[in-house]
Amino acid sequence: MSQKVRWACDLDKSVLLGNFEKRGWVQASPDEDWNFYWSSVQTTRNIFSVETGYRLQDDQIINHYPNHYELTRKDLMVKNIKRYRKDLEKEGSPLAEKDETGKYIHLDFLPVTFLLPADYNLFVEEFRKNPSSTWIMKPTGKARGIGIFLINRLSQLKKWSRDSRTSTFAAPSAKDAYVISKYIDNPLLIGGKKFDLRLYVLVTSYRPLKCYIYKLGFCRFCTVKYTPNTTELDNMFVHLTNVSIQKHGEEYNPNHGGKWTVHNLKIYLEGTRGKDVTDKLFDEMYWQIVHSLKAVSGVMANDRHCFECYGYDIIIDDNLKPWLIEVNASPSLTSTTANDRIMKYNLINDILNIVCPNGEIPDMRWNKTPPKECYGHYDLLYDEELAQSEVLERDSKSRIGIATMSLRSRDSRPRQTTTWK
Amino acid sequence: MSALQGQGDQSEHLSVLIAHIVQELRGTVLHSQLKRAAQFQAGKPNIHLSDLKKEVHSALVETGWERKLRNAVYKHMVLYPQMNHPSSSGEHCKEPLSYIRKSQSNWEKRILKSLNSMCTELSVPLARKRPLQEQKELKMKWNELGTDEPDLSAFRPVYAPKDFLDVLMTLKNPNCNSSHENKSMVHTWGLIQMPFKIKTMKELRDQYWELTMTESQTGVDDLSEIAADVYETERTKLGKKVLQAGHSPLAQQFSKKGCPATQRCDLWAQILGVTSDDIDKLYYEQLKSYVFQHDLLVDSLIYKDIKLTATNDDNYFVFEDYLYQALLVFSRDTHVLKHFANSSATPAKSYIRGKLGMEEYAVVYPPNGVIPFHGFSMFVSPLCYVYHDPVRLYFIFRELYMRYFFRLHNISSHPQGIVALSILFESLLQTHQPQLFYHLREIGAQPLRIAFKWIMRAFSGFLASDQLLLLWDRILAYNSLEILPVLAMAIFAFRRVNLMEVTTFSAADAVMADLTGLKLVPLLQVAIFSSQR
Ligand SMILES: Nc1ncnc2c1ncn2[C@@H]1O[C@H](COP(=O)(O)OP(=O)(O)O)[C@@H](O)[C@H]1O
Ligand SMILES: [Mg+2]
């Protein structure tokens, strides 16, 4: 077993290179026979495109799924989740249960969102129901807060459409497409400031779904106090939590970079709000993640050479309800502080341990069930295979009559013990 | 008290104590509440005049007033100065050893001098009345004082832990001359050479027996994989009962094994006897208005301290504004002066302009008598993880300070004082890790040089936030700061292998720089119970 993993990498990030070096792996160029490629999304897409005719070998793995955008492009994520909910409803799944106002009880975790220009009329209809509400406009293909703005009057939208040359809402290219989402104007504030969560989720297989949640996620704080006051609507330091925005603020503090660990958030909420509601909040967030992944598992090209680490953006409102904002395919690996560096180094370290246990040459035929010791700071979030075998086991047990578990409780959410606690 | 003093003396002591507590309770809100409750009971139509006293009493028991009274009495007993004796002078109660008294008073003079020279240098007054406009502005931004960035570059903390340690190192018992020293039992390798009586590990083991490994603990057993939920649910259930009983000593006993996160706020409040009712809220508002009216030099020190510590801290920066709200108010709170009865310290005095040295024009400065040092705000920061309401946060902090934290920055011979705690640390380490101590001393890395700041700040800002709360649980539960030196010694023992490899002070300091990965309870358990000496 003296053969060393040959790695290739598109990003010049110390947290990556340091991890390859630590394992004694050897560098290869992207055109050579690499075993492990940390690539940009573009490279992955090229590799898998039909034109290049490239075929991956059994001993090659890469860090993106070819059509990850089904999850990570703002418009497609919304589309897929909406479809997933409809499908569940058609199946008569208890998960698709609705309350008396017609809202999904368990699946209402996206802010109401429309695609623009496609759904313009639907949006207007919705806006008129609640004309004083605030909405957030986001270009579907951009990231890091670029191109985002808030509106609270229809005229602002009309002006925008005039300004963006396409005077009619006809045939825009995907680049010009926007999503418009209901703005969560009652975010949970700590110290008077808005924040969102950045949670890392590792997927090693979509069918069956195998995913892990990283325990060292963090909160990203705004540097300026929050106010729902509409006069501040264009002050992005109040509304957007992206570090790439906030670090240009006057109040940005480079010592902590506005980042607070999710662990601290949990301690704070348990202490000031209680453990029950905190547990419920985290449970809900984890389920949202699982649902979002299940929503795309059917359309995702489940190539066995691939794994992917996503950056989930989640906002918690002041009723402690979490909202899924977006999913990023290439969460930033730039370190803003010393602790941030350590955390990201560990993140990569733990990913490598899960996808390449013991740093050995990958073999795509393995069952992708690493030993628990490899999890590092990851927790297994959901393993469809395990969950199913458990259900089977449970069924067989109850048939023989040693039913330790009562039939599914009134709580209609499936609770598998194979997932998080 | 010496063993020779007899029974009569003890009962005399008791009656003094009772008189003291009665005095303390008179005029409190509780006193008038009790009176009203008793009057109400007495006024009931079905009361029998013949048994008036008995019936009123049992009614007060039933309605829970008696428990409240008990808690109040208990609180005053805890706070009551230990050494107090009717024949001893006030000075003697505060600090029995005259040379310590002297050292403390010199230290205070130094602080005051440095404060005064800061005033002259920067030509800012100790206090000034704010113009109305400024008062209004301050009121407006009370909730976001952190964004207000006055230029404080010229201000510097009055003193830092390091300066204080330097002072403690010069302490000498005049009754011990150097020729004596070799023979004396107190000779240690440490920095502080004082003949104070401190506890042995055996005594500490008895004191902290609830921490033994065979006893399950919150902060360990609720985190393990197996049966964690069960343990936690049981603990929380029990905690609920304890809270319902509303009995301080019970809450204290319960907290020895750590507080469940959800109940910590109420358990601590119960132990400390802090209720935040409407009167407290009014009181807090009153203090706030004092902040608006006057600008004090210490305000700038508080600002500066928060900016230097919590604002830059990964764990605490989000709470910055709560800290101003607690600490600015604290400096105006004359109730804090009461703690000087138990303290070797005396509040600083300043004189009204032009009346220097004339006692009748002396005023305590700042109004609460406490001059903050570098890192003072870290006494408040961890509480923000427990208390959401600024008023409650304030009163809990004030009580913690008046009970415990003041001892960490004043020179005294009290067994809970910083001097005794430092000696305890050095003696534990010397006894249980002699090789390590010797090695560090040889390379010029005196352990106390590293551990002192931990102890002086009660580990705030050094441990991870959840571990810190578990530590403070134990301070309250055991009503003792001795857990601080014990933990410091445990950390040295835990990092022993790495420390034995270093050859310079800065390398040793670097080994100890990051304590955030440490787990409190297992560390303490190993340190206290694995050594059988
Ligand atoms: N619906 C919303 N309600 C409130 N805040 C939002 C909403 N959508 C986005 N934001 C804020 O804007 C930031 C950027 O939005 P996001 O969808 O993550 O786009 P980007 O790809 O530019 O990061 C988020 O991190 C969040 O702080
Ligand atoms: Mg984002």
# chains A, B, ... in the order shown; residues from 1 in each chain; ligands from 1
call {"tool": "residues_near_ligand", "arguments": {"ligand": "ligand 2", "cutoff": "8 Å", "atoms": "only C-alpha atoms and all ligand atoms", "output": "mmCIF file with all heavy atoms, in the first residue's frame"}}
result
data_model
loop_
_atom_site.group_PDB
_atom_site.id
_atom_site.type_symbol
_atom_site.label_atom_id
_atom_site.label_comp_id
_atom_site.auth_asym_id
_atom_site.auth_seq_id
_atom_site.Cartn_x
_atom_site.Cartn_y
_atom_site.Cartn_z
ATOM 1 N N ALA A 143 -23.240 35.332 -6.530
ATOM 2 C CA ALA A 143 -23.041 34.953 -5.128
ATOM 3 C C ALA A 143 -22.431 36.121 -4.366
ATOM 4 O O ALA A 143 -22.202 37.188 -4.937
ATOM 5 C CB ALA A 143 -22.132 33.733 -5.049
ATOM 6 N N ARG A 144 -22.148 35.898 -3.119
ATOM 7 C CA ARG A 144 -21.497 36.868 -2.231
ATOM 8 C C ARG A 144 -22.223 38.204 -2.174
ATOM 9 O O ARG A 144 -21.617 39.277 -2.114
ATOM 10 C CB ARG A 144 -20.027 37.067 -2.641
ATOM 11 C CG ARG A 144 -19.177 35.850 -2.262
ATOM 12 C CD ARG A 144 -17.744 36.013 -2.709
ATOM 13 N NE ARG A 144 -17.613 35.748 -4.129
ATOM 14 C CZ ARG A 144 -16.993 36.567 -4.978
ATOM 15 N NH1 ARG A 144 -16.471 37.695 -4.556
ATOM 16 N NH2 ARG A 144 -16.900 36.241 -6.247
ATOM 17 N N GLY A 145 -23.514 38.131 -2.251
ATOM 18 C CA GLY A 145 -24.297 39.345 -2.064
ATOM 19 C C GLY A 145 -24.326 40.273 -3.266
ATOM 20 O O GLY A 145 -24.944 41.337 -3.228
ATOM 21 N N ASN A 242 -23.442 38.455 4.281
ATOM 22 C CA ASN A 242 -22.242 37.948 3.600
ATOM 23 C C ASN A 242 -20.978 38.613 4.139
ATOM 24 O O ASN A 242 -20.912 39.835 4.247
ATOM 25 C CB ASN A 242 -22.308 38.244 2.102
ATOM 26 C CG ASN A 242 -23.544 37.642 1.465
ATOM 27 O OD1 ASN A 242 -24.647 38.133 1.691
ATOM 28 N ND2 ASN A 242 -23.372 36.599 0.690
ATOM 29 N N TYR A 312 -24.646 25.813 3.459
ATOM 30 C CA TYR A 312 -26.053 26.185 3.602
ATOM 31 C C TYR A 312 -26.170 27.530 4.298
ATOM 32 O O TYR A 312 -25.518 27.764 5.311
ATOM 33 C CB TYR A 312 -26.795 25.119 4.426
ATOM 34 C CG TYR A 312 -27.356 24.002 3.590
ATOM 35 C CD1 TYR A 312 -26.518 23.032 3.054
ATOM 36 C CD2 TYR A 312 -28.724 23.917 3.325
ATOM 37 C CE1 TYR A 312 -27.028 22.013 2.266
ATOM 38 C CE2 TYR A 312 -29.242 22.887 2.544
ATOM 39 C CZ TYR A 312 -28.397 21.946 2.018
ATOM 40 O OH TYR A 312 -28.894 20.932 1.236
ATOM 41 N N ASP A 313 -27.002 28.401 3.745
ATOM 42 C CA ASP A 313 -27.305 29.682 4.398
ATOM 43 C C ASP A 313 -28.697 29.570 5.012
ATOM 44 O O ASP A 313 -29.677 29.325 4.301
ATOM 45 C CB ASP A 313 -27.322 30.831 3.376
ATOM 46 C CG ASP A 313 -25.928 31.148 2.844
ATOM 47 O OD1 ASP A 313 -24.948 30.616 3.396
ATOM 48 O OD2 ASP A 313 -25.834 31.933 1.877
ATOM 49 N N ILE A 325 -32.172 29.800 3.034
ATOM 50 C CA ILE A 325 -31.975 30.914 2.105
ATOM 51 C C ILE A 325 -31.344 30.441 0.797
ATOM 52 O O ILE A 325 -31.852 30.697 -0.276
ATOM 53 C CB ILE A 325 -31.115 32.022 2.750
ATOM 54 C CG1 ILE A 325 -31.818 32.556 3.993
ATOM 55 C CG2 ILE A 325 -30.831 33.142 1.772
ATOM 56 C CD1 ILE A 325 -33.170 33.197 3.732
ATOM 57 N N GLU A 326 -30.227 29.771 0.897
ATOM 58 C CA GLU A 326 -29.637 29.239 -0.332
ATOM 59 C C GLU A 326 -28.587 28.201 0.015
ATOM 60 O O GLU A 326 -28.189 28.040 1.160
ATOM 61 C CB GLU A 326 -29.007 30.357 -1.190
ATOM 62 C CG GLU A 326 -27.776 30.948 -0.565
ATOM 63 C CD GLU A 326 -26.761 31.471 -1.588
ATOM 64 O OE1 GLU A 326 -26.882 31.170 -2.793
ATOM 65 O OE2 GLU A 326 -25.817 32.155 -1.158
ATOM 66 N N VAL A 327 -28.129 27.489 -1.030
ATOM 67 C CA VAL A 327 -27.102 26.479 -0.864
ATOM 68 C C VAL A 327 -25.965 26.809 -1.827
ATOM 69 O O VAL A 327 -26.207 27.084 -2.992
ATOM 70 C CB VAL A 327 -27.656 25.074 -1.172
ATOM 71 C CG1 VAL A 327 -26.598 24.015 -0.880
ATOM 72 C CG2 VAL A 327 -28.924 24.802 -0.379
ATOM 73 N N ASN A 328 -24.740 26.803 -1.289
ATOM 74 C CA ASN A 328 -23.581 27.129 -2.124
ATOM 75 C C ASN A 328 -22.763 25.887 -2.440
ATOM 76 O O ASN A 328 -22.511 25.063 -1.574
ATOM 77 C CB ASN A 328 -22.687 28.126 -1.390
ATOM 78 C CG ASN A 328 -23.388 29.453 -1.180
ATOM 79 O OD1 ASN A 328 -23.399 30.295 -2.065
ATOM 80 N ND2 ASN A 328 -24.017 29.617 -0.027
#
call {"tool": "interface_residues", "arguments": {"of": "chain B", "to": "chain A", "cutoff": "10 Å", "atoms": "only C-alpha atoms", "output": "PyMOL selection string"}}
result
chain B and resi 143-144+146-147+149+225+229+260-265+311-322+382-389+464-466+469
call {"tool": "write_last_selection", "arguments": {"atoms": "C-alpha atoms", "output": "PDB file, in the first residue's frame"}}
result
ATOM      1  CA  ASN B 143     -28.862  50.271  23.102  1.00  0.00           C
ATOM      2  CA  GLU B 144     -25.992  50.728  20.710  1.00  0.00           C
ATOM      3  CA  GLY B 146     -20.742  50.070  20.909  1.00  0.00           C
ATOM      4  CA  THR B 147     -21.098  51.928  17.634  1.00  0.00           C
ATOM      5  CA  GLU B 149     -16.457  55.320  19.089  1.00  0.00           C
ATOM      6  CA  GLU B 225     -23.379   8.968  23.650  1.00  0.00           C
ATOM      7  CA  ASP B 229     -30.934  12.002  27.220  1.00  0.00           C
ATOM      8  CA  PRO B 260     -28.716  22.215  33.189  1.00  0.00           C
ATOM      9  CA  ALA B 261     -28.404  25.028  30.637  1.00  0.00           C
ATOM     10  CA  THR B 262     -32.092  25.851  30.712  1.00  0.00           C
ATOM     11  CA  GLN B 263     -32.258  26.205  34.481  1.00  0.00           C
ATOM     12  CA  ARG B 264     -28.995  27.966  35.093  1.00  0.00           C
ATOM     13  CA  CYS B 265     -30.514  31.440  35.079  1.00  0.00           C
ATOM     14  CA  THR B 311     -15.231  43.415  21.487  1.00  0.00           C
ATOM     15  CA  ASN B 312     -12.348  41.430  20.044  1.00  0.00           C
ATOM     16  CA  ASP B 313     -13.331  38.128  21.554  1.00  0.00           C
ATOM     17  CA  ASP B 314     -14.721  35.354  19.368  1.00  0.00           C
ATOM     18  CA  ASN B 315     -17.065  34.256  22.115  1.00  0.00           C
ATOM     19  CA  TYR B 316     -18.323  37.562  23.433  1.00  0.00           C
ATOM     20  CA  PHE B 317     -18.272  40.237  20.753  1.00  0.00           C
ATOM     21  CA  VAL B 318     -21.981  39.885  20.056  1.00  0.00           C
ATOM     22  CA  PHE B 319     -22.740  41.023  23.602  1.00  0.00           C
ATOM     23  CA  GLU B 320     -20.745  44.227  23.495  1.00  0.00           C
ATOM     24  CA  ASP B 321     -23.693  46.514  24.095  1.00  0.00           C
ATOM     25  CA  TYR B 322     -24.963  44.550  27.060  1.00  0.00           C
ATOM     26  CA  PRO B 382     -20.191  35.127  30.302  1.00  0.00           C
ATOM     27  CA  LEU B 383     -23.432  36.104  32.008  1.00  0.00           C
ATOM     28  CA  CYS B 384     -24.781  37.201  28.640  1.00  0.00           C
ATOM     29  CA  TYR B 385     -25.083  33.535  27.738  1.00  0.00           C
ATOM     30  CA  VAL B 386     -27.496  33.115  30.635  1.00  0.00           C
ATOM     31  CA  TYR B 387     -29.387  36.377  31.034  1.00  0.00           C
ATOM     32  CA  HIS B 388     -31.158  38.010  28.179  1.00  0.00           C
ATOM     33  CA  ASP B 389     -32.725  40.839  30.142  1.00  0.00           C
ATOM     34  CA  ALA B 464     -14.843  27.898  26.053  1.00  0.00           C
ATOM     35  CA  SER B 465     -18.070  29.631  27.031  1.00  0.00           C
ATOM     36  CA  ASP B 466     -19.975  26.516  28.059  1.00  0.00           C
ATOM     37  CA  LEU B 469     -20.422  28.462  32.908  1.00  0.00           C
TER      38      LEU B 469
END
call {"tool": "closest_residue", "arguments": {"among": "A:Leu88, A:Met137, A:Cys306, A:Val15", "to": "Ser205 (chain A)", "atoms": "only C-alpha atoms"}}
result
A:Cys306
call {"tool": "select_by_dssp", "arguments": {"residues": "region 26-112 of chain A", "states": "strand (DSSP E or B)", "output": "MDAnalysis selection string"}}
result
chainID A and resid 26:27 36:38 61:62 98 104
call {"tool": "write_last_selection", "arguments": {"atoms": "N, CA and C atoms", "output": "mmCIF file, in the first residue's frame"}}
result
data_model
loop_
_atom_site.group_PDB
_atom_site.id
_atom_site.type_symbol
_atom_site.label_atom_id
_atom_site.label_comp_id
_atom_site.auth_asym_id
_atom_site.auth_seq_id
_atom_site.Cartn_x
_atom_site.Cartn_y
_atom_site.Cartn_z
ATOM 1 N N VAL A 26 0.866 13.164 -3.369
ATOM 2 C CA VAL A 26 1.710 13.863 -4.345
ATOM 3 C C VAL A 26 0.872 14.638 -5.343
ATOM 4 N N GLN A 27 1.421 15.766 -5.749
ATOM 5 C CA GLN A 27 0.664 16.631 -6.643
ATOM 6 C C GLN A 27 0.718 16.111 -8.077
ATOM 7 N N PHE A 36 -7.401 12.341 -6.893
ATOM 8 C CA PHE A 36 -8.280 13.210 -6.107
ATOM 9 C C PHE A 36 -8.190 14.604 -6.679
ATOM 10 N N TYR A 37 -9.325 15.145 -7.051
ATOM 11 C CA TYR A 37 -9.306 16.466 -7.672
ATOM 12 C C TYR A 37 -10.230 17.390 -6.901
ATOM 13 N N TRP A 38 -9.639 18.456 -6.324
ATOM 14 C CA TRP A 38 -10.469 19.517 -5.732
ATOM 15 C C TRP A 38 -10.582 20.585 -6.797
ATOM 16 N N ILE A 61 -11.673 10.444 -7.778
ATOM 17 C CA ILE A 61 -12.850 11.119 -7.223
ATOM 18 C C ILE A 61 -12.689 12.625 -7.331
ATOM 19 N N ILE A 62 -13.822 13.298 -7.343
ATOM 20 C CA ILE A 62 -13.829 14.748 -7.574
ATOM 21 C C ILE A 62 -14.898 15.404 -6.692
ATOM 22 N N LYS A 98 -50.909 19.884 5.590
ATOM 23 C CA LYS A 98 -51.044 21.343 5.603
ATOM 24 C C LYS A 98 -51.893 21.799 6.771
ATOM 25 N N TYR A 104 -47.874 24.345 4.324
ATOM 26 C CA TYR A 104 -47.272 23.071 4.730
ATOM 27 C C TYR A 104 -46.811 23.163 6.183
#
call {"tool": "residues_around", "arguments": {"residues": "Leu122 (chain B)", "least_positions_apart": "4", "cutoff": "9 Å", "atoms": "only C-alpha atoms", "output": "count of residues only"}}
result
4
call {"tool": "select_by_dssp", "arguments": {"residues": "region 88-143 of chain B", "states": "alpha helix (DSSP H)", "output": "MDAnalysis selection string"}}
result
chainID B and resid 90:94 98:122 132:140
call {"tool": "write_last_selection", "arguments": {"atoms": "N, CA and C atoms", "output": "mmCIF file, in the first residue's frame"}}
result
data_model
loop_
_atom_site.group_PDB
_atom_site.id
_atom_site.type_symbol
_atom_site.label_atom_id
_atom_site.label_comp_id
_atom_site.auth_asym_id
_atom_site.auth_seq_id
_atom_site.Cartn_x
_atom_site.Cartn_y
_atom_site.Cartn_z
ATOM 1 N N GLY B 90 -13.508 47.915 63.373
ATOM 2 C CA GLY B 90 -13.980 47.759 62.000
ATOM 3 C C GLY B 90 -12.837 47.441 61.065
ATOM 4 N N GLU B 91 -11.749 48.106 61.285
ATOM 5 C CA GLU B 91 -10.577 47.895 60.471
ATOM 6 C C GLU B 91 -10.128 46.443 60.551
ATOM 7 N N HIS B 92 -10.152 45.941 61.762
ATOM 8 C CA HIS B 92 -9.712 44.585 62.003
ATOM 9 C C HIS B 92 -10.612 43.568 61.294
ATOM 10 N N CYS B 93 -11.895 43.877 61.237
ATOM 11 C CA CYS B 93 -12.831 42.965 60.554
ATOM 12 C C CYS B 93 -12.509 42.885 59.083
ATOM 13 N N LYS B 94 -12.173 44.036 58.529
ATOM 14 C CA LYS B 94 -11.905 44.040 57.105
ATOM 15 C C LYS B 94 -10.653 43.247 56.784
ATOM 16 N N SER B 98 -2.127 43.611 59.958
ATOM 17 C CA SER B 98 -1.882 45.028 59.706
ATOM 18 C C SER B 98 -0.965 45.227 58.505
ATOM 19 N N TYR B 99 -0.013 44.326 58.300
ATOM 20 C CA TYR B 99 0.895 44.568 57.167
ATOM 21 C C TYR B 99 0.193 44.350 55.832
ATOM 22 N N ILE B 100 -0.821 43.513 55.831
ATOM 23 C CA ILE B 100 -1.621 43.346 54.613
ATOM 24 C C ILE B 100 -2.476 44.590 54.385
ATOM 25 N N ARG B 101 -3.008 45.069 55.514
ATOM 26 C CA ARG B 101 -3.793 46.304 55.429
ATOM 27 C C ARG B 101 -2.978 47.408 54.789
ATOM 28 N N LYS B 102 -1.755 47.461 55.218
ATOM 29 C CA LYS B 102 -0.854 48.498 54.728
ATOM 30 C C LYS B 102 -0.603 48.317 53.218
ATOM 31 N N SER B 103 -0.339 47.084 52.854
ATOM 32 C CA SER B 103 -0.064 46.825 51.433
ATOM 33 C C SER B 103 -1.254 47.210 50.568
ATOM 34 N N GLN B 104 -2.445 46.828 51.033
ATOM 35 C CA GLN B 104 -3.639 47.152 50.260
ATOM 36 C C GLN B 104 -3.790 48.665 50.152
ATOM 37 N N SER B 105 -3.541 49.333 51.237
ATOM 38 C CA SER B 105 -3.749 50.770 51.192
ATOM 39 C C SER B 105 -2.707 51.432 50.281
ATOM 40 N N ASN B 106 -1.488 50.916 50.279
ATOM 41 C CA ASN B 106 -0.490 51.437 49.338
ATOM 42 C C ASN B 106 -0.900 51.188 47.891
ATOM 43 N N TRP B 107 -1.427 50.020 47.669
ATOM 44 C CA TRP B 107 -1.892 49.642 46.328
ATOM 45 C C TRP B 107 -2.994 50.591 45.880
ATOM 46 N N GLU B 108 -3.909 50.870 46.786
ATOM 47 C CA GLU B 108 -4.996 51.792 46.445
ATOM 48 C C GLU B 108 -4.456 53.172 46.122
ATOM 49 N N LYS B 109 -3.473 53.590 46.903
ATOM 50 C CA LYS B 109 -2.893 54.911 46.647
ATOM 51 C C LYS B 109 -2.272 54.957 45.257
ATOM 52 N N ARG B 110 -1.614 53.862 44.917
ATOM 53 C CA ARG B 110 -0.975 53.816 43.599
ATOM 54 C C ARG B 110 -2.000 53.932 42.473
ATOM 55 N N ILE B 111 -3.079 53.186 42.645
ATOM 56 C CA ILE B 111 -4.131 53.218 41.620
ATOM 57 C C ILE B 111 -4.690 54.624 41.484
ATOM 58 N N LEU B 112 -4.972 55.212 42.630
ATOM 59 C CA LEU B 112 -5.564 56.539 42.621
ATOM 60 C C LEU B 112 -4.625 57.555 41.982
ATOM 61 N N LYS B 113 -3.343 57.385 42.309
ATOM 62 C CA LYS B 113 -2.355 58.307 41.759
ATOM 63 C C LYS B 113 -2.339 58.195 40.231
ATOM 64 N N SER B 114 -2.365 56.970 39.783
ATOM 65 C CA SER B 114 -2.304 56.787 38.340
ATOM 66 C C SER B 114 -3.569 57.338 37.676
ATOM 67 N N LEU B 115 -4.670 57.205 38.390
ATOM 68 C CA LEU B 115 -5.922 57.750 37.871
ATOM 69 C C LEU B 115 -5.829 59.277 37.795
ATOM 70 N N ASN B 116 -5.316 59.857 38.859
ATOM 71 C CA ASN B 116 -5.196 61.312 38.907
ATOM 72 C C ASN B 116 -4.238 61.831 37.849
ATOM 73 N N SER B 117 -3.146 61.097 37.654
ATOM 74 C CA SER B 117 -2.199 61.610 36.671
ATOM 75 C C SER B 117 -2.777 61.466 35.268
ATOM 76 N N MET B 118 -3.619 60.470 35.081
ATOM 77 C CA MET B 118 -4.287 60.355 33.786
ATOM 78 C C MET B 118 -5.162 61.586 33.548
ATOM 79 N N CYS B 119 -5.856 61.992 34.601
ATOM 80 C CA CYS B 119 -6.691 63.196 34.507
ATOM 81 C C CYS B 119 -5.872 64.406 34.083
ATOM 82 N N THR B 120 -4.749 64.580 34.766
ATOM 83 C CA THR B 120 -3.926 65.756 34.473
ATOM 84 C C THR B 120 -3.359 65.678 33.064
ATOM 85 N N GLU B 121 -2.803 64.508 32.753
ATOM 86 C CA GLU B 121 -2.194 64.326 31.444
ATOM 87 C C GLU B 121 -3.160 64.616 30.301
ATOM 88 N N LEU B 122 -4.337 64.053 30.418
ATOM 89 C CA LEU B 122 -5.296 64.172 29.320
ATOM 90 C C LEU B 122 -6.194 65.387 29.514
ATOM 91 N N LEU B 132 -27.384 69.218 28.471
ATOM 92 C CA LEU B 132 -28.671 68.550 28.202
ATOM 93 C C LEU B 132 -28.692 67.829 26.856
ATOM 94 N N GLN B 133 -28.139 68.497 25.868
ATOM 95 C CA GLN B 133 -28.152 67.910 24.536
ATOM 96 C C GLN B 133 -27.445 66.561 24.527
ATOM 97 N N GLU B 134 -26.308 66.522 25.176
ATOM 98 C CA GLU B 134 -25.522 65.297 25.227
ATOM 99 C C GLU B 134 -26.282 64.201 25.978
ATOM 100 N N GLN B 135 -26.955 64.611 27.047
ATOM 101 C CA GLN B 135 -27.758 63.640 27.800
ATOM 102 C C GLN B 135 -28.788 62.982 26.896
ATOM 103 N N LYS B 136 -29.426 63.820 26.094
ATOM 104 C CA LYS B 136 -30.473 63.322 25.206
ATOM 105 C C LYS B 136 -29.902 62.322 24.209
ATOM 106 N N GLU B 137 -28.765 62.719 23.640
ATOM 107 C CA GLU B 137 -28.137 61.845 22.642
ATOM 108 C C GLU B 137 -27.769 60.495 23.238
ATOM 109 N N LEU B 138 -27.217 60.551 24.440
ATOM 110 C CA LEU B 138 -26.795 59.309 25.085
ATOM 111 C C LEU B 138 -27.992 58.397 25.322
ATOM 112 N N LYS B 139 -29.080 59.034 25.745
ATOM 113 C CA LYS B 139 -30.307 58.277 25.999
ATOM 114 C C LYS B 139 -30.757 57.560 24.724
ATOM 115 N N MET B 140 -30.640 58.288 23.615
ATOM 116 C CA MET B 140 -31.079 57.741 22.335
ATOM 117 C C MET B 140 -30.292 56.497 21.932
#
call {"tool": "atom_distance", "arguments": {"atom1": "CA of Val41 (chain A)", "atom2": "CA of Tyr345 (chain A)"}}
result
20.4 Å
call {"tool": "residues_around", "arguments": {"residues": "Val78 (chain B)", "least_positions_apart": "2", "cutoff": "12 Å", "atoms": "only C-alpha atoms", "output": "list in words"}}
result
Leu17, Ile21, Asn71, Ala72, Val73, Tyr74, Lys75, His76, Tyr80, Pro81, Gln82, Ser248, Pro249, Ile271, Leu272, Gly273, Asn342, Met402, Arg403, Tyr404, Leu476, Tyr478, Asn479 and Ser480 of chain B
call {"tool": "residues_around", "arguments": {"residues": "Ile315 (chain A)", "least_positions_apart": "6", "cutoff": "9 Å", "atoms": "only C-alpha atoms", "output": "PDB file with C-alpha atoms, in the first residue's frame"}}
result
ATOM      1  CA  ILE A 184     -37.562  37.813   6.494  1.00  0.00           C
ATOM      2  CA  PRO A 187     -34.806  37.906  12.057  1.00  0.00           C
ATOM      3  CA  LEU A 188     -33.621  36.742  15.462  1.00  0.00           C
ATOM      4  CA  LYS A 194     -28.921  40.281  12.280  1.00  0.00           C
ATOM      5  CA  PHE A 195     -27.021  37.127  11.466  1.00  0.00           C
ATOM      6  CA  ASP A 196     -27.375  34.007   9.404  1.00  0.00           C
ATOM      7  CA  LEU A 197     -25.925  30.541   9.738  1.00  0.00           C
ATOM      8  CA  LYS A 321     -38.153  29.281  12.991  1.00  0.00           C
ATOM      9  CA  PRO A 322     -35.357  28.557  10.544  1.00  0.00           C
ATOM     10  CA  TRP A 323     -35.584  29.573   6.869  1.00  0.00           C
ATOM     11  CA  LEU A 324     -33.475  28.064   4.127  1.00  0.00           C
ATOM     12  CA  ILE A 325     -31.975  30.914   2.105  1.00  0.00           C
TER      13      ILE A 325
END
call {"tool": "residues_around", "arguments": {"residues": "Val419 (chain B)", "least_positions_apart": "4", "cutoff": "8 Å", "atoms": "only C-alpha atoms", "output": "list in words"}}
result
Leu168, Ile192, Ile411, Ser412, Ser413 and Ile423 of chain B
call {"tool": "closest_residue", "arguments": {"among": "A:Ser14, A:Ser49, A:Asn121, A:Gln246", "to": "ligand 1", "atoms": "only C-alpha atoms and all ligand atoms"}}
result
A:Gln246
call {"tool": "atom_distance", "arguments": {"atom1": "CA of Val486 (chain B)", "atom2": "CA of Ile198 (chain B)"}}
result
12.0 Å
call {"tool": "atom_distance", "arguments": {"atom1": "CA of Asn152 (chain A)", "atom2": "CA of Thr134 (chain A)"}}
result
4.5 Å
call {"tool": "residues_around", "arguments": {"residues": "Tyr214 (chain A)", "least_positions_apart": "6", "cutoff": "10 Å", "atoms": "only C-alpha atoms", "output": "list in words"}}
result
Leu199, Tyr200, Val201, Leu202, Cys309, Leu347, Asp350, Ile351, Tyr375, Gly376, His377, Tyr378, Asp379, Leu380 and Leu381 of chain A
